[in-house]
Structures are given as structure tokens and as C-alpha cells.
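Listing of model.cif, mmCIF, C-alpha atoms
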data_data
loop_
_atom_site.label_atom_id
_atom_site.label_comp_id
_atom_site.auth_asym_id
_atom_site.auth_seq_id
_atom_site.Cartn_x
_atom_site.Cartn_y
_atom_site.Cartn_z
CA MET A 1 102.34 88.58 71.48
CA ILE A 2 102.17 91.27 74.16
CA ALA A 3 104.73 90.33 76.83
CA LYS A 4 104.93 93.48 78.93
CA LEU A 5 103.17 96.80 79.42
CA ARG A 6 104.67 99.93 80.95
CA GLY A 7 102.41 102.92 81.47
CA LEU A 8 100.06 104.65 83.92
CA LEU A 9 97.51 102.89 86.08
CA ASP A 10 94.27 104.31 84.73
CA GLU A 11 91.56 102.35 86.54
CA THR A 12 91.13 99.22 88.68
CA GLY A 13 88.36 96.78 89.58
CA THR A 14 88.02 93.67 91.72
CA ASP A 15 90.15 91.52 89.40
CA TRP A 16 91.29 93.84 86.62
CA ALA A 17 93.19 97.01 85.83
CA VAL A 18 93.44 99.35 82.87
CA ILE A 19 96.98 100.36 81.94
CA ASP A 20 97.29 103.52 79.82
CA VAL A 21 100.22 103.12 77.44
CA GLN A 22 100.66 106.34 75.45
CA GLY A 23 96.93 106.92 75.26
CA VAL A 24 95.88 103.32 74.62
CA GLY A 25 94.11 101.61 77.52
CA TYR A 26 94.84 97.90 77.97
CA LEU A 27 92.44 95.88 80.12
CA VAL A 28 94.40 93.27 82.05
CA HIS A 29 92.96 90.67 84.41
CA CYS A 30 95.08 90.37 87.55
CA SER A 31 95.43 88.52 90.83
CA ALA A 32 94.71 90.40 94.04
CA ARG A 33 98.44 90.42 94.81
CA THR A 34 99.28 92.07 91.51
CA LEU A 35 96.54 94.68 91.93
CA SER A 36 97.88 95.62 95.36
CA ALA A 37 101.40 95.94 93.94
CA LEU A 38 100.48 98.24 91.07
CA GLY A 39 100.13 101.33 93.27
CA GLU A 40 97.63 104.16 93.02
CA VAL A 41 95.64 105.30 89.99
CA GLY A 42 97.75 107.75 87.98
CA GLU A 43 101.07 106.21 89.00
CA ALA A 44 103.51 104.57 86.63
CA CYS A 45 103.51 100.78 86.65
CA THR A 46 104.77 97.75 84.75
CA VAL A 47 102.94 94.48 84.23
CA TYR A 48 104.17 91.28 82.64
CA THR A 49 101.44 89.85 80.47
CA ASP A 50 100.10 86.66 78.97
CA LEU A 51 97.63 86.77 76.07
CA GLN A 52 95.02 84.02 76.00
CA VAL A 53 92.97 83.53 72.85
CA SER A 54 89.98 81.19 72.53
CA GLU A 55 87.25 80.79 69.93
CA ASN A 56 85.08 83.50 71.46
CA ASP A 57 87.37 85.47 73.73
CA MET A 58 90.70 87.27 73.85
CA ARG A 59 91.99 88.02 77.32
CA LEU A 60 95.15 89.77 78.55
CA LEU A 61 96.42 88.64 81.94
CA GLY A 62 98.72 90.93 83.92
CA PHE A 63 101.30 90.09 86.59
CA ALA A 64 103.43 92.21 88.89
CA GLU A 65 106.41 89.88 88.40
CA GLY A 66 107.71 87.63 85.69
CA SER A 67 107.79 84.77 88.20
CA GLU A 68 104.04 85.13 88.84
CA ARG A 69 103.40 84.90 85.11
CA ASP A 70 105.56 81.76 84.91
CA TRP A 71 103.55 80.12 87.68
CA PHE A 72 100.28 81.17 86.04
CA ARG A 73 101.33 79.44 82.82
CA LEU A 74 102.36 76.34 84.73
CA LEU A 75 99.11 76.21 86.72
CA THR A 76 96.96 76.52 83.60
CA GLN A 77 98.66 73.46 82.13
CA VAL A 78 96.90 71.35 84.77
CA GLN A 79 93.59 69.91 83.60
CA GLY A 80 90.69 71.79 85.16
CA VAL A 81 92.71 74.93 85.91
CA GLY A 82 91.63 77.86 83.75
CA SER A 83 92.77 81.46 84.00
CA LYS A 84 90.22 82.34 86.71
CA VAL A 85 91.27 79.46 88.96
CA ALA A 86 94.96 80.17 88.40
CA LEU A 87 94.46 83.83 89.34
CA ALA A 88 92.48 82.76 92.42
CA ILE A 89 95.40 80.59 93.53
CA LEU A 90 97.90 83.39 92.95
CA SER A 91 95.60 85.75 94.87
CA ALA A 92 95.47 83.44 97.87
CA LEU A 93 99.11 82.34 97.83
CA SER A 94 102.42 83.94 96.96
CA THR A 95 104.53 82.18 94.34
CA ALA A 96 106.84 81.00 97.13
CA GLU A 97 103.85 79.45 98.93
CA VAL A 98 102.63 77.77 95.74
CA GLN A 99 106.11 76.40 95.18
CA ALA A 100 106.35 75.07 98.74
CA ALA A 101 102.86 73.54 98.58
CA CYS A 102 103.68 71.69 95.36
CA ALA A 103 107.08 70.56 96.61
CA GLN A 104 105.62 69.25 99.87
CA GLY A 105 102.42 67.84 98.37
CA ASP A 106 100.36 70.17 100.56
CA ALA A 107 97.03 70.12 98.72
CA ALA A 108 95.27 71.74 101.69
CA MET A 109 97.28 74.93 101.19
CA VAL A 110 96.30 75.16 97.53
CA ALA A 111 92.67 74.44 98.43
CA ARG A 112 92.60 77.72 100.36
CA ALA A 113 92.01 79.49 97.04
CA ASN A 114 88.45 80.30 96.02
CA GLY A 115 87.00 77.74 93.62
CA VAL A 116 89.67 75.10 94.30
CA GLY A 117 88.33 71.92 95.84
CA PRO A 118 90.39 69.15 97.48
CA LYS A 119 90.36 66.96 94.35
CA LEU A 120 91.64 69.72 92.06
CA ALA A 121 94.18 70.86 94.66
CA GLY A 122 95.50 67.31 94.87
CA ARG A 123 95.83 67.12 91.09
CA ILE A 124 97.72 70.43 91.03
CA VAL A 125 100.33 69.44 93.61
CA ASN A 126 100.74 65.95 92.13
CA GLU A 127 101.30 67.22 88.60
CA LEU A 128 103.56 70.12 89.57
CA LYS A 129 105.64 68.62 92.39
CA ASP A 130 108.51 67.68 90.06
CA LYS A 131 108.49 71.15 88.48
CA ALA A 132 108.22 73.16 91.69
CA GLY A 133 111.92 73.79 92.10
CA ALA A 134 112.51 74.85 88.52
CA LEU A 135 110.65 78.16 88.64
CA PRO A 136 111.59 81.36 90.48
CA THR A 137 109.36 82.82 93.16
CA SER A 138 108.39 86.34 94.20
CA GLY A 139 111.05 88.99 93.93
CA GLY A 140 112.71 87.60 90.84
CA GLU A 141 112.42 89.18 87.43
CA GLY A 142 110.04 92.09 87.25
CA SER A 143 109.40 93.27 90.79
CA VAL A 144 107.04 96.22 90.56
CA ASN A 145 108.12 97.96 93.72
CA SER A 146 109.88 97.53 97.03
CA VAL A 147 106.86 95.94 98.71
CA ASN A 148 108.34 92.61 97.69
CA THR A 149 111.55 91.17 99.18
CA PRO A 150 113.87 90.37 96.28
CA ALA A 151 116.90 89.46 98.36
CA VAL A 152 115.01 86.89 100.42
CA SER A 153 113.29 85.30 97.44
CA SER A 154 116.49 85.35 95.44
CA ALA A 155 118.34 83.57 98.26
CA SER A 156 115.66 80.88 98.35
CA ALA A 157 115.72 80.38 94.57
CA ASP A 158 119.53 80.28 94.55
CA ALA A 159 119.52 77.72 97.36
CA VAL A 160 117.13 75.49 95.41
CA SER A 161 119.36 75.81 92.35
CA ALA A 162 122.44 74.92 94.42
CA LEU A 163 120.81 71.72 95.73
CA GLU A 164 119.73 70.76 92.22
CA ASN A 165 123.33 71.22 91.04
CA LEU A 166 124.37 68.81 93.78
CA GLY A 167 122.10 66.16 92.30
CA PHE A 168 118.86 66.54 94.25
CA LYS A 169 115.60 66.39 92.33
CA PRO A 170 113.76 69.74 91.95
CA ALA A 171 110.89 68.66 94.24
CA VAL A 172 113.30 67.46 96.94
CA ALA A 173 115.42 70.62 96.68
CA ALA A 174 112.40 72.94 96.84
CA ARG A 175 110.91 71.10 99.81
CA ALA A 176 114.21 71.13 101.70
CA VAL A 177 114.72 74.86 101.12
CA ALA A 178 111.12 75.60 102.12
CA LEU A 179 111.65 73.69 105.38
CA ALA A 180 114.96 75.46 105.96
CA GLN A 181 113.39 78.86 105.40
CA GLY A 182 110.60 77.98 107.80
CA GLU A 183 113.20 77.08 110.42
CA LEU A 184 115.57 80.01 109.85
CA GLY A 185 113.03 82.72 109.02
CA GLU A 186 112.42 84.84 105.92
CA GLY A 187 115.61 86.86 106.39
CA ALA A 188 117.91 83.85 106.08
CA GLY A 189 120.82 84.17 103.68
CA GLU A 190 121.66 81.80 100.85
CA SER A 191 124.56 80.04 102.60
CA ASP A 192 122.52 79.34 105.74
CA LEU A 193 119.60 78.11 103.67
CA ILE A 194 121.85 75.75 101.73
CA ARG A 195 123.49 74.43 104.91
CA VAL A 196 120.19 73.61 106.63
CA ALA A 197 118.46 72.48 103.43
CA LEU A 198 121.22 69.96 102.75
CA LYS A 199 120.53 68.34 106.12
CA LYS A 200 116.80 68.28 105.38
CA ALA A 201 117.31 66.80 101.92
CA ALA A 202 119.80 64.20 103.09
CA GLY A 203 117.61 63.23 106.02
#
Now that the file is in, can you turn its structure into C-alpha cells?
Amino acid sequence: MIAKLRGLLDETGTDWAVIDVQGVGYLVHCSARTLSALGEVGEACTVYTDLQVSENDMRLLGFAEGSERDWFRLLTQVQGVGSKVALAILSALSTAEVQAACAQGDAAMVARANGVGPKLAGRIVNELKDKAGALPTSGGEGSVNSVNTPAVSSASADAVSALENLGFKPAVAARAVALAQGELGEGAGESDLIRVALKKAAG
């Protein structure tokens, strides 16, 4: 299985890119967020990939970060969510926003993505709410460049992990940290997030 590609950005389209790896061009289907993170044609880039094989198709999906790939895999486990819908969700929302929407049961946020109706959005948040706190968000493994904010995302993920270690369920921990981050701002540190999130979770 192809897990990662490192090469030159050869060409891009509305939802795809061609990565030249030592003279071999790999066509990868990407979210809009990943495409914007890859840089300019001719520049070096890295994409984390997922290979999907069906009876009549073989498709390589590319992601700017390992966390985005993890969320893609989780989203496609939901009935009715194929690769196109999952990429549409990850184009409309960051992984942190997807995580917060699932943790808080905010189907309306997920329904902002093209091709996602209220019924499907509700199914997504209901099925993934208990898993929302278990996955990292943007800025974790595999950041392509400094456009992302690793320290902020890492603080949020660490805060969720800390609450889980204290006995809170993943969905409760993720929701509390999301609320704390909304109150403190994106630049909040881990200790402040934990302090405020504990109050939210306990309340």
C-alpha cells in the first residue's frame, strides 16, 4: 500500500494533483485544503495517501497531514459517505472543526459541505461523536508547511488526551476542549485549555 509520497508538485486541478516522484507521476485526489497547502507547481511537497480499490476503479487520495487522512478514513466508515463526500467535508471544514462538530453533535456545521444533507450530517455526528476525541487534528503528524499552526492544534489534542486520562469520555473531553478554545482563543496554551475544559466538562 502507498502510504506517503514525497516529490515535486507537477500539476493541479479542481480536486486533484499530480506528484512527480523521481519521474513517475502519481494522480492523487485531494481536498481543497490539501491543494492549497501543497504550494506552487514545481515545488517539493509531501502527501499522506490512502489507496482505495473497488471492482472498477483504483483511486489514490492525498492529504497534507496524517491527521486529515485519519479523519478521511473515519468519515468513510459512515454509511453513505464515500471518498467524494469525505473530501467535500474536509474541504469545507478543518479537522479541528470536524472534531468539534462531532463532539458537540453539530450536524449543521457538517452540512455546510457540498453534497451533505441534514440527514447524512446527523448520521455522521451521531456515529462519530464517541470517536471524536481519539483522533488528532490539524498540525499533528505530517504538516506540509508553516501555514498550519502545529502548536495550537497540538495543545488542543494534548488537552483532550489529558481529560480522557482523568476519566472523561472522548466525546465529552473533545467538546469541553472545543468550548474552552472558543472561549480562550486559538493561541491558548495546553494548561489554560485543560483548566477551562475541566470546568466545562464537570459542569
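Comparing the minimum interatomic distances between A:Thr34 and each of A:Leu93, A:Leu120, A:Leu51, A:Leu74, counting only C-alpha atoms, we find that A:Leu93 sits nearest.
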Could you expand the PyMOL selection byres ((chain A and resi 184-196) around 10) into the explicit residues it covers here, written as a compact mmCIF listing (two decimals) with C-alpha atoms, in the frame of the given file?
# COMPACT_ATOMS: atom_id res chain seq x y z
CA THR A 149 111.55 91.17 99.18
CA ALA A 151 116.90 89.46 98.36
CA VAL A 152 115.01 86.89 100.42
CA SER A 153 113.29 85.30 97.44
CA SER A 154 116.49 85.35 95.44
CA ALA A 155 118.34 83.57 98.26
CA SER A 156 115.66 80.88 98.35
CA ALA A 157 115.72 80.38 94.57
CA ASP A 158 119.53 80.28 94.55
CA ALA A 159 119.52 77.72 97.36
CA VAL A 160 117.13 75.49 95.41
CA SER A 161 119.36 75.81 92.35
CA ALA A 162 122.44 74.92 94.42
CA LEU A 163 120.81 71.72 95.73
CA ALA A 173 115.42 70.62 96.68
CA ALA A 176 114.21 71.13 101.70
CA VAL A 177 114.72 74.86 101.12
CA ALA A 178 111.12 75.60 102.12
CA LEU A 179 111.65 73.69 105.38
CA ALA A 180 114.96 75.46 105.96
CA GLN A 181 113.39 78.86 105.40
CA GLY A 182 110.60 77.98 107.80
CA GLU A 183 113.20 77.08 110.42
CA ALA A 197 118.46 72.48 103.43
CA LEU A 198 121.22 69.96 102.75
CA LYS A 199 120.53 68.34 106.12
CA LYS A 200 116.80 68.28 105.38
CA ALA A 201 117.31 66.80 101.92
Worksheet item: Exactly which residues make up the result of the PyMOL selection byres ((chain A and resi 122) around 12) on this file, given as a PyMOL selection string?
Response: chain A and resi 78-80+101-102+104-111+116-121+123-129
Any chance you could export the current selection's C-alpha atoms as a CSV table (one decimal), keeping the file's coordinate frame?
chain,number,residue,atom,x,y,z
A,78,VAL,CA,96.9,71.4,84.8
A,79,GLN,CA,93.6,69.9,83.6
A,80,GLY,CA,90.7,71.8,85.2
A,101,ALA,CA,102.9,73.5,98.6
A,102,CYS,CA,103.7,71.7,95.4
A,104,GLN,CA,105.6,69.2,99.9
A,105,GLY,CA,102.4,67.8,98.4
A,106,ASP,CA,100.4,70.2,100.6
A,107,ALA,CA,97.0,70.1,98.7
A,108,ALA,CA,95.3,71.7,101.7
A,109,MET,CA,97.3,74.9,101.2
A,110,VAL,CA,96.3,75.2,97.5
A,111,ALA,CA,92.7,74.4,98.4
A,116,VAL,CA,89.7,75.1,94.3
A,117,GLY,CA,88.3,71.9,95.8
A,118,PRO,CA,90.4,69.2,97.5
A,119,LYS,CA,90.4,67.0,94.4
A,120,LEU,CA,91.6,69.7,92.1
A,121,ALA,CA,94.2,70.9,94.7
A,123,ARG,CA,95.8,67.1,91.1
A,124,ILE,CA,97.7,70.4,91.0
A,125,VAL,CA,100.3,69.4,93.6
A,126,ASN,CA,100.7,66.0,92.1
A,127,GLU,CA,101.3,67.2,88.6
A,128,LEU,CA,103.6,70.1,89.6
A,129,LYS,CA,105.6,68.6,92.4
Can you list every residue of stretch 23-49 of chain A that has an atom at most 6 Å from stretch 54-65 of chain A, with its nearest atom pair and the distance in Å to one decimal, using all atoms listed in the file, ordered by chain then number, as a tab-separated table?
residue	atom	partner	partner_atom	distance
A:Val28	CA	A:Leu60	CA	5.0
A:His29	CA	A:Leu61	CA	4.7
A:Cys30	CA	A:Gly62	CA	5.2
A:Thr34	CA	A:Ala64	CA	4.9
A:Val47	CA	A:Ala64	CA	5.2
A:Tyr48	CA	A:Phe63	CA	5.0
A:Thr49	CA	A:Gly62	CA	4.5
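Distance annotation: of A:Thr46, A:Asp10, A:Ala202, A:Lys131, the residue with the minimal separation from A:Gln77 is A:Lys131; atom set is all atoms listed in the file.
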Item to complete: Please provide the set of residues having any atom within 9 Å of A:Thr14, restricted to all atoms listed in the file, with same-chain residues fewer than 3 positions apart removed, written as an NGL selection string.
Response: :A and (17 or 30 or 32 or 35)
C-alpha atoms of the current selection, written as a tab-separated table (two decimals), in the frame of the given file:
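Once everything was written out, this is out_5.tsv:
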chain	number	residue	atom	x	y	z
A	17	ALA	CA	93.19	97.01	85.83
A	30	CYS	CA	95.08	90.37	87.55
A	32	ALA	CA	94.71	90.40	94.04
A	35	LEU	CA	96.54	94.68	91.93
Discussion item. Using Å and a single decimal, report how far atom CA of A:Trp71 sits from atom CA of A:Val53.
Written reply: 18.5 Å
Fill in: Length of the atom CA of A:Ser83 to atom CA of A:Val21 vector [Å]
23.8 Å
Item to complete: Could you please determine the separation between atom CA of A:Gly203 and atom CA of A:Leu166 in Å, to one decimal place?
Response: 15.1 Å
